Every structure is written in structure tokens, then in C-alpha cells.
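Working notes, structure below.
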Amino acid sequence: MFSTIIWLQFMVKQNIKIIDNLKFPYTFTPDDSNDELVILWNIGELTHVKLDGNEIELERNCVLFVSEFYMNLQVQYGLFRAIIFNKTFLSPVDNGVNACAYLMIFYGLHAINHLPKVIINKNDLNSFEIIWKDILSEINILNNPFSIALLRNSLERFLLLFERNHEQSAYDIPINLKDLRLIKEFQYLVNTNFKELTKVSDYANILEISPKKISEIFGFYYSKKASELIADRRNLYAKRRLMYTDELIKNIAYNLNFSDSQAFSHFFKKQNGITPHDFRSRFKS
């Protein structure tokens, strides 16, 4: 096993980082402004990581997919591979629109007991290893658009193969695959449009399905309402801006399309039991 950490940045916000042997301790905080995602592949023995303070068990060849729905990933020990990239790497021309199909794996049932994680099927393990070697090889010779396209193609194959494994995974509760697809598409759309679209009906129009049907599916499979998922994503954005920037509260409210600071404060206090100002003050201190 050798250690490889390669960072690629080209054009505007098209970033990918390949880590063949993760060094510890390692912390990852998804970056809203850069649409960052992480694939964490445990190639060692049974181990644990922490995701938003919750301990997650990962057995050998278990892969965790961390999207912007989470605040913080901590890895203290083990043997891991990782890919960190942003969405525009997969779809640089249309700013992520066509990336949707490849990123569905990141947007499953978001609860600690039902994380987007996959145990690689033994029959597919060799295929994953071959693609991983291709990724390592291609990122070492990136010197022209053709090399970049080959790397992008390998990552897309990687993600689609995981998607197939995910639909067969024992981690997911028994679920109709059509419903699972709708849940993933809904979560992807929320993560892409949460600042502007705030109602379940907004997403129902895009998905060409009734708001009632979305509510029924989430009510049957999930511990949260679809509307609560939208609120959670908006709240997460607000918390990150309050914690990690000095942006004015009124500007955060404006970016989230609240009518004014007072409406935003009411929303934030309902979500967190504390005002935005007090939340920032506690974090900074």
C-alpha cells in the first residue's frame, strides 16, 4: 500500500482530490460554496468514524457517501481510500444539471440508521479495484482535456456501480425501488435549490408528481416529513454561515430568500431553540 494524495483544480470550481491511503486524524466539513462531496472507502478491518458526532460502524469494503446534508466527518484510525470532489467536476458545462444521475447515491435516507453507505458486493469488488486503478493512473497524467475527460468518465462509472450496489444493499430498509429513486431525486433537488424553493409543492412540480404523493412516500419510509427535510437543509446552511463566516445575519436571511431578518430569526429559533445572534456568539466563544 502506498500513499497518494493528488489535488486537481482547473477552470472554475472543478476540483477533485484522490487519497489512496488516508492519513489521520482526518476531518472533512462539506463546503456549501463549493458543492463538495466525499467518498470514504474502508479497505481495512472493521472500524468506526464519527459523522456529526455520531459513531458509525464501517466494515471492510464498506463505503460512506457524505453530502452537504452533514456538518462534519471525523476519521481517527483505519485504512481508507477517499475521493473528494465537487459537483461541477462531473458536469462543468451545465453547472451540475447532468450530474444528477451520478450523484443519486449521496442522497438516500438521511438518518443515522440509514446513511448512504454501501458494502461492495464480492462479485463486483474486482470491478471497483480496476476502476480505482484507472482513476489513480489517469489523475497522474492530467495534462490535456482528454485526460480530464477520461478521469471524469472513470468517476462516473465508479458512482454508477455504487448505485447498483446500493439498491441491493442490506443497509436500506425494504423499499420499493421506484420510491427510493423518488426520495433520492427529491433530496438532490432540495440540496440544489433549497435557497429558492421552500415548499414541497415546488419540488413536486419539478418531479411531475403530487405533493400528497411525496408526503405519503416520506411518511411511509422516513422519520421526517418532506417539508422538514427542506427546513433542515436551509437551517444547516444558516448554521454553517453563522459558525464559519462573519456574514451579516440580514445577508444570510436574504440569501435564503426570507422576507426580512425577523422572519429568518423566527425560523432559526424554531429550528434550534436559540436566535441566530446567540447561536453565533456561543460558537465563537
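Every chain in the C-alpha cells has a letter given in the order shown (A, B, ...), and although residue numbers restart at 1 in each chain, ligands are simply numbered from 1 in the order shown.
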Query raised in the report: A:His277: which residues within 12 Å, counting only C-alpha atoms, same-chain residues fewer than 6 positions away excluded, as number ranges by chain?
Result: A: 238-239, 241-243, 246-250, 252, 261-262, 264-266, 268-269, 283-284
Those residues you just picked out, can you put them in a file as an mmCIF file, in the first residue's frame with C-alpha atoms?
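Done, and the output landed in result.cif:
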data_model
loop_
_atom_site.group_PDB
_atom_site.id
_atom_site.type_symbol
_atom_site.label_atom_id
_atom_site.label_comp_id
_atom_site.auth_asym_id
_atom_site.auth_seq_id
_atom_site.Cartn_x
_atom_site.Cartn_y
_atom_site.Cartn_z
ATOM 1 C CA ALA A 238 -27.660 29.133 8.085
ATOM 2 C CA LYS A 239 -25.726 27.393 10.874
ATOM 3 C CA ARG A 241 -22.706 30.668 7.684
ATOM 4 C CA LEU A 242 -23.092 31.730 11.316
ATOM 5 C CA MET A 243 -20.342 29.411 12.509
ATOM 6 C CA ASP A 246 -18.691 36.821 9.614
ATOM 7 C CA GLU A 247 -21.520 37.388 7.145
ATOM 8 C CA LEU A 248 -24.208 39.734 8.402
ATOM 9 C CA ILE A 249 -27.330 37.968 9.650
ATOM 10 C CA LYS A 250 -29.500 40.076 7.364
ATOM 11 C CA ILE A 252 -27.862 35.245 5.407
ATOM 12 C CA SER A 261 -34.200 39.310 9.316
ATOM 13 C CA GLN A 262 -37.120 38.914 11.701
ATOM 14 C CA PHE A 264 -35.310 34.387 9.430
ATOM 15 C CA SER A 265 -34.769 34.707 13.206
ATOM 16 C CA HIS A 266 -38.204 33.218 13.856
ATOM 17 C CA PHE A 268 -33.929 29.754 13.111
ATOM 18 C CA LYS A 269 -35.200 29.866 16.693
ATOM 19 C CA PHE A 283 -19.960 29.190 18.836
ATOM 20 C CA LYS A 284 -17.397 31.986 18.642
#
Requested in this report: Would you list the contacts of A:Pro211 as a PyMOL selection string, taking every protein, DNA or RNA residue within 12 Å and counting only C-alpha atoms, but skipping same-chain residues closer than 2 positions in sequence?
Outcome: chain A and resi 186+199-209+213-218+225-227
Report summary line: Min atom-atom distance to A:Leu51 from the set A:Phe279, A:Tyr254, A:Tyr70, A:Tyr102, counting only C-alpha atoms, belongs to A:Tyr70
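Every residue of stretch 45-137 of chain A with a DSSP assignment of alpha helix (DSSP H), taken from the backbone, is listed as Lys87, Thr88, Phe89, Leu90, Cys100, Ala101, Tyr102, Leu103, Lys122, Asn123, Asp124, Leu125, Asn126, Ser127, Phe128, Glu129, Ile130, Ile131, Trp132, Lys133, Asp134, Ile135, Leu136 and Ser137 of chain A.
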Query raised in the report: If you run DSSP on this backbone, which residues of stretch 46-158 of chain A come out as strand (DSSP E or B), and could you give them as a VMD selection string?
Result: chain A and resid 47 to 51 54 to 58 62 to 66 73 to 75 80 to 86 117 to 119
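Proximity to A:Val63 was assessed for A:Ile135, A:Ile16, A:Leu155, A:Ile120 counting only C-alpha atoms; the smallest distance is recorded for A:Ile120.
Proximity of A:Asn191, A:Tyr244, A:Ile105, A:Asn176 to A:Leu161, computed with only C-alpha atoms, is greatest for A:Ile105.
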Query - Selection near A:Ser127, 12 Å with only C-alpha atoms, sequence-local residues under 5 positions removed, as a list in words - result: Ile120, Asn121, Lys122, Trp132, Lys133, Asp134, Ser154, Arg157, Phe158, Leu160, Leu161, Phe162 and Asn165 of chain A
Output N, CA and C atoms of each residue in that selection to a file, as a PDB file, in the first residue's frame.
ATOM      1  N   ILE A 120     -19.555  -3.197  -0.663  1.00  0.00           N
ATOM      2  CA  ILE A 120     -19.301  -3.633  -2.036  1.00  0.00           C
ATOM      3  C   ILE A 120     -19.566  -5.129  -2.165  1.00  0.00           C
ATOM      4  N   ASN A 121     -20.392  -5.483  -3.117  1.00  0.00           N
ATOM      5  CA  ASN A 121     -20.679  -6.878  -3.411  1.00  0.00           C
ATOM      6  C   ASN A 121     -19.387  -7.594  -3.823  1.00  0.00           C
ATOM      7  N   LYS A 122     -19.160  -8.778  -3.274  1.00  0.00           N
ATOM      8  CA  LYS A 122     -17.928  -9.518  -3.573  1.00  0.00           C
ATOM      9  C   LYS A 122     -17.748  -9.740  -5.076  1.00  0.00           C
ATOM     10  N   TRP A 132     -10.638   1.909  -9.683  1.00  0.00           N
ATOM     11  CA  TRP A 132      -9.787   2.693  -8.779  1.00  0.00           C
ATOM     12  C   TRP A 132      -8.378   2.854  -9.367  1.00  0.00           C
ATOM     13  N   LYS A 133      -7.829   1.772  -9.904  1.00  0.00           N
ATOM     14  CA  LYS A 133      -6.501   1.848 -10.521  1.00  0.00           C
ATOM     15  C   LYS A 133      -6.519   2.786 -11.727  1.00  0.00           C
ATOM     16  N   ASP A 134      -7.616   2.753 -12.484  1.00  0.00           N
ATOM     17  CA  ASP A 134      -7.743   3.667 -13.624  1.00  0.00           C
ATOM     18  C   ASP A 134      -7.738   5.125 -13.150  1.00  0.00           C
ATOM     19  N   SER A 154     -14.239   7.748 -15.560  1.00  0.00           N
ATOM     20  CA  SER A 154     -13.968   6.709 -14.560  1.00  0.00           C
ATOM     21  C   SER A 154     -14.738   6.962 -13.274  1.00  0.00           C
ATOM     22  N   ARG A 157     -18.383   6.024 -13.848  1.00  0.00           N
ATOM     23  CA  ARG A 157     -18.550   4.559 -13.791  1.00  0.00           C
ATOM     24  C   ARG A 157     -18.516   4.072 -12.355  1.00  0.00           C
ATOM     25  N   PHE A 158     -17.604   4.632 -11.579  1.00  0.00           N
ATOM     26  CA  PHE A 158     -17.453   4.307 -10.161  1.00  0.00           C
ATOM     27  C   PHE A 158     -18.774   4.552  -9.425  1.00  0.00           C
ATOM     28  N   LEU A 160     -21.885   4.985 -10.668  1.00  0.00           N
ATOM     29  CA  LEU A 160     -22.999   4.182 -11.159  1.00  0.00           C
ATOM     30  C   LEU A 160     -22.921   2.750 -10.642  1.00  0.00           C
ATOM     31  N   LEU A 161     -21.725   2.227 -10.522  1.00  0.00           N
ATOM     32  CA  LEU A 161     -21.560   0.879  -9.978  1.00  0.00           C
ATOM     33  C   LEU A 161     -21.952   0.849  -8.505  1.00  0.00           C
ATOM     34  N   PHE A 162     -21.609   1.902  -7.767  1.00  0.00           N
ATOM     35  CA  PHE A 162     -22.051   2.012  -6.376  1.00  0.00           C
ATOM     36  C   PHE A 162     -23.570   2.103  -6.297  1.00  0.00           C
ATOM     37  N   ASN A 165     -25.013  -1.266  -6.514  1.00  0.00           N
ATOM     38  CA  ASN A 165     -24.800  -1.978  -5.255  1.00  0.00           C
ATOM     39  C   ASN A 165     -25.738  -1.467  -4.167  1.00  0.00           C
TER      40      ASN A 165
END
Enumerate, in order of chain and increasing residue number, the residues of stretch 140-206 of chain A with an atom no farther than 12 Å from stretch 20-36 of chain A, each with its shortest atom pair and distance in Å to one decimal, counting only C-alpha atoms, as CSV.
residue,atom,partner,partner_atom,distance
A:Tyr188,CA,A:Asp35,CA,11.8
A:Asn191,CA,A:Asp35,CA,9.4
A:Thr192,CA,A:Asp35,CA,9.1
A:Phe194,CA,A:Asp32,CA,11.6
A:Lys195,CA,A:Asp32,CA,11.6
Report task. Considering only C-alpha atoms, return as a list in words whatever protein or nucleic-acid residues lie within 7 Å of A:Glu57, sequence-local ones (same chain, fewer than 5 positions apart) excluded. Result -> Thr47, His48 and Val49 of chain A
Report task. Find the distance between atom CA of A:Ile39 and atom CA of A:Phe85 and write it in Å to one decimal. Result -> 8.7 Å
